[in-house]
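J.: Have a look at this one.
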Amino acid sequence: MTITLDDLQDYLEQFHKYDGYAMAICVWHDDHNPSMRVTEHGYYCQSCGARGSLENLYSHVSGRPIHRAEKVYNPSAYIWDRWTEQYGSVKDACLFAHQQLLDRPELGIGLHKRRLTQSQIELGTLGFLGGYYIFPIKDERLEIQGAVARASSTIQTKSNRYSASKKCPVKLYVPDWKSIHNSDEVYVCYGTVDTWSLLMAGYPPITGISGQEFRAEYLDNIRKPIYIIADKHEERSAIRLQMGLGWRGKRLDIDWPDDVKDANGIHVNYGLDVLKEKVEEAKEKYKYD
């Protein structure tokens, strides 16, 4: 039996479902405000720290034992092992993928649909390999230290979306380090493609590596104001990051259109001018709140 958020709704107090997750009263401690976050991957209480699988939570609240189904194989789990063996290193795999995308521009259709252009492909050394779009992770010297592979629409499934290369020493994805150094402020968002939309709108962006927790300590070397643009319904995560950043953290409350949840969504559906308007409106609001 596969447990979903809907299966838990009748068993949890103050259950409220958002886009991709739900909040509810924690069943593991004396909770008065919903502090337990529940997603398709499991539950985590932001107050007492309890965590576990949906099956465990369902068994606890319903009294019904659940037999876990056989684990679904994630085809992206070992792609970097395979590519490193085939091409010699993560860097060489990225360079091969980039050259392949330059030689065969039609492979970039998924990036073009996200409104990335040839200029962004060249600036970011973006590539295409084995059905994945490759986003190299560069250090401040612009040396490739790792990469994120994003499944294209032809192979993407619920269990196959992103895969970050292993043991990457750089914990930030920055499409343009020069913009970070030259600006008096930087912008943190929650996705690799979102960084490119912000950069094209004139904002120096940073995000975390897919699949790894974004920690305030990763930004210790950036001693300037840091505006946080979280995806729609990710306000709690943004607040935690803001608190960790201290005086540098400035959380922007974007007025999201109904049909989008992130910066790239505004870029794709409404254009860069509207994205800039939304960011500037949020900055003005922050100034007076």
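Here's how to read the names in the structure tokens: chain A, B, ... by the order shown, residue numbers from 1 in each chain, ligand numbers from 1 in the order shown.
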Would you pick out the contacts of A:Ala149 at 6 Å or less, using only C-alpha atoms, so that residues sharing its chain but fewer than 2 positions from it are not included, and give the list as JSON, numbers by chain?
T.: {"A": [132, 133, 134, 162, 163]}
J.: Those same residues, written as a tab-separated table (two decimals), in the first residue's frame with N, CA and C atoms?
T.:
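Saved file part36.tsv follows:
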chain	number	residue	atom	x	y	z
A	132	TYR	N	19.61	14.09	-19.87
A	132	TYR	CA	19.64	15.05	-18.77
A	132	TYR	C	20.27	16.37	-19.22
A	133	TYR	N	19.73	17.47	-18.72
A	133	TYR	CA	20.40	18.75	-18.87
A	133	TYR	C	21.40	18.90	-17.74
A	134	ILE	N	22.62	19.30	-18.09
A	134	ILE	CA	23.71	19.34	-17.13
A	134	ILE	C	24.01	20.78	-16.75
A	162	TYR	N	16.18	15.00	-10.48
A	162	TYR	CA	17.47	15.66	-10.30
A	162	TYR	C	18.49	14.67	-9.76
A	163	SER	N	19.75	14.93	-10.06
A	163	SER	CA	20.83	14.14	-9.47
A	163	SER	C	22.08	15.01	-9.41
J.: Please list as a list of chain:residue names every residue within 10 Å of stretch 15-31 of chain A, counting only C-alpha atoms and excluding residues in the same chain fewer than 5 positions away.
T.: A:Leu5, A:Asp6, A:Leu8, A:Gln9, A:Asp10, A:Met36, A:Arg37, A:Val38, A:Thr39, A:Glu40, A:His41, A:Gly42, A:Tyr43, A:Tyr44, A:Cys45, A:Gln46, A:Ser47, A:Cys48, A:Gly49, A:Ala50, A:Arg51, A:Leu57, A:His60, A:Val61, A:Lys232, A:His233, A:Glu234, A:Lys261
J.: Let me make sure I understand: among A:Ser153, A:Ser53, A:Thr4, A:Gln99, which one has the smallest atom-to-atom distance to A:Leu126 if we use only C-alpha atoms?
T.: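 Of the candidates, the smallest distance to A:Leu126 is held by A:Gln99.
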J.: Excluding A:Thr207 and its own-chain neighbours fewer than 5 positions away, which residues fall within 7 Å of it when counting only C-alpha atoms? Please give them as an NGL selection string.
T.: :A and (172-174 or 188-192 or 195)
J.: Based on DSSP run over this structure's backbone, return all residues of stretch 53-254 of chain A in alpha helix (DSSP H), as an MDAnalysis selection string.
T.: chainID A and resid 54:62 79:87 90:103 109:113 118:123 177:182 192:200 235:245
J.: Name the residues in contact with A:Lys171 at a cut-off of 9 Å, using only C-alpha atoms, excluding same-chain residues fewer than 5 positions from it; report them as a PyMOL selection string.
T.: chain A and resi 137+207-209+212+214+218
J.: Skipping near chain neighbours, those fewer than 3 positions away, what residues fall within 10 Å of A:Ile121 using only C-alpha atoms, listed as a ChimeraX atom specification?
T.: /A:98,101-102,108,111-112,116-118,124-127,135
J.: Please list as JSON, numbers by chain every residue within 10 Å of stretch 280-289 of chain A, counting only C-alpha atoms and excluding residues in the same chain fewer than 3 positions away.
T.: {"A": [227, 229, 250, 251, 252, 253, 254, 255, 274, 275, 276, 277]}
J.: May I ask for the distance between atom CA of A:Glu140 and atom CA of A:Leu219, given in Å to one decimal place?
T.: 13.0 Å
J.: To one decimal place, how far is atom CA of A:Gly146 from atom CA of A:Leu107 in Å?
T.: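 Atom-to-atom, atom CA of A:Gly146 to atom CA of A:Leu107, that is 21.6 Å.
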J.: From a DSSP pass on the backbone, collect the residues of stretch 47-278 of chain A flagged as strand (DSSP E or B) and hand them back as a VMD selection string.
T.: chain A and resid 51 to 52 127 to 129 132 to 138 144 to 151 157 160 162 to 164 172 to 173 186 to 188 205 to 208 226 to 228 249 to 251
J.: Leaving out A:Trp83 and any residue of its chain fewer than 5 positions from it, which residues lie within 12 Å of it when counting only C-alpha atoms, given as a PyMOL selection string?
T.: chain A and resi 76-78+88-97+129-130+132+134+147+149+165-166
J.: Measuring atom to atom with only C-alpha atoms, identify which of A:Ser197, A:Gln145, A:Ser179, A:Ser159 is nearest to A:Gln120.
T.: A:Ser197
J.: Could you state the separation of atom CA of A:Gly52 and atom CA of A:Arg161 in Å, given to one decimal place?
T.: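 These atoms are spaced 22.3 Å apart.
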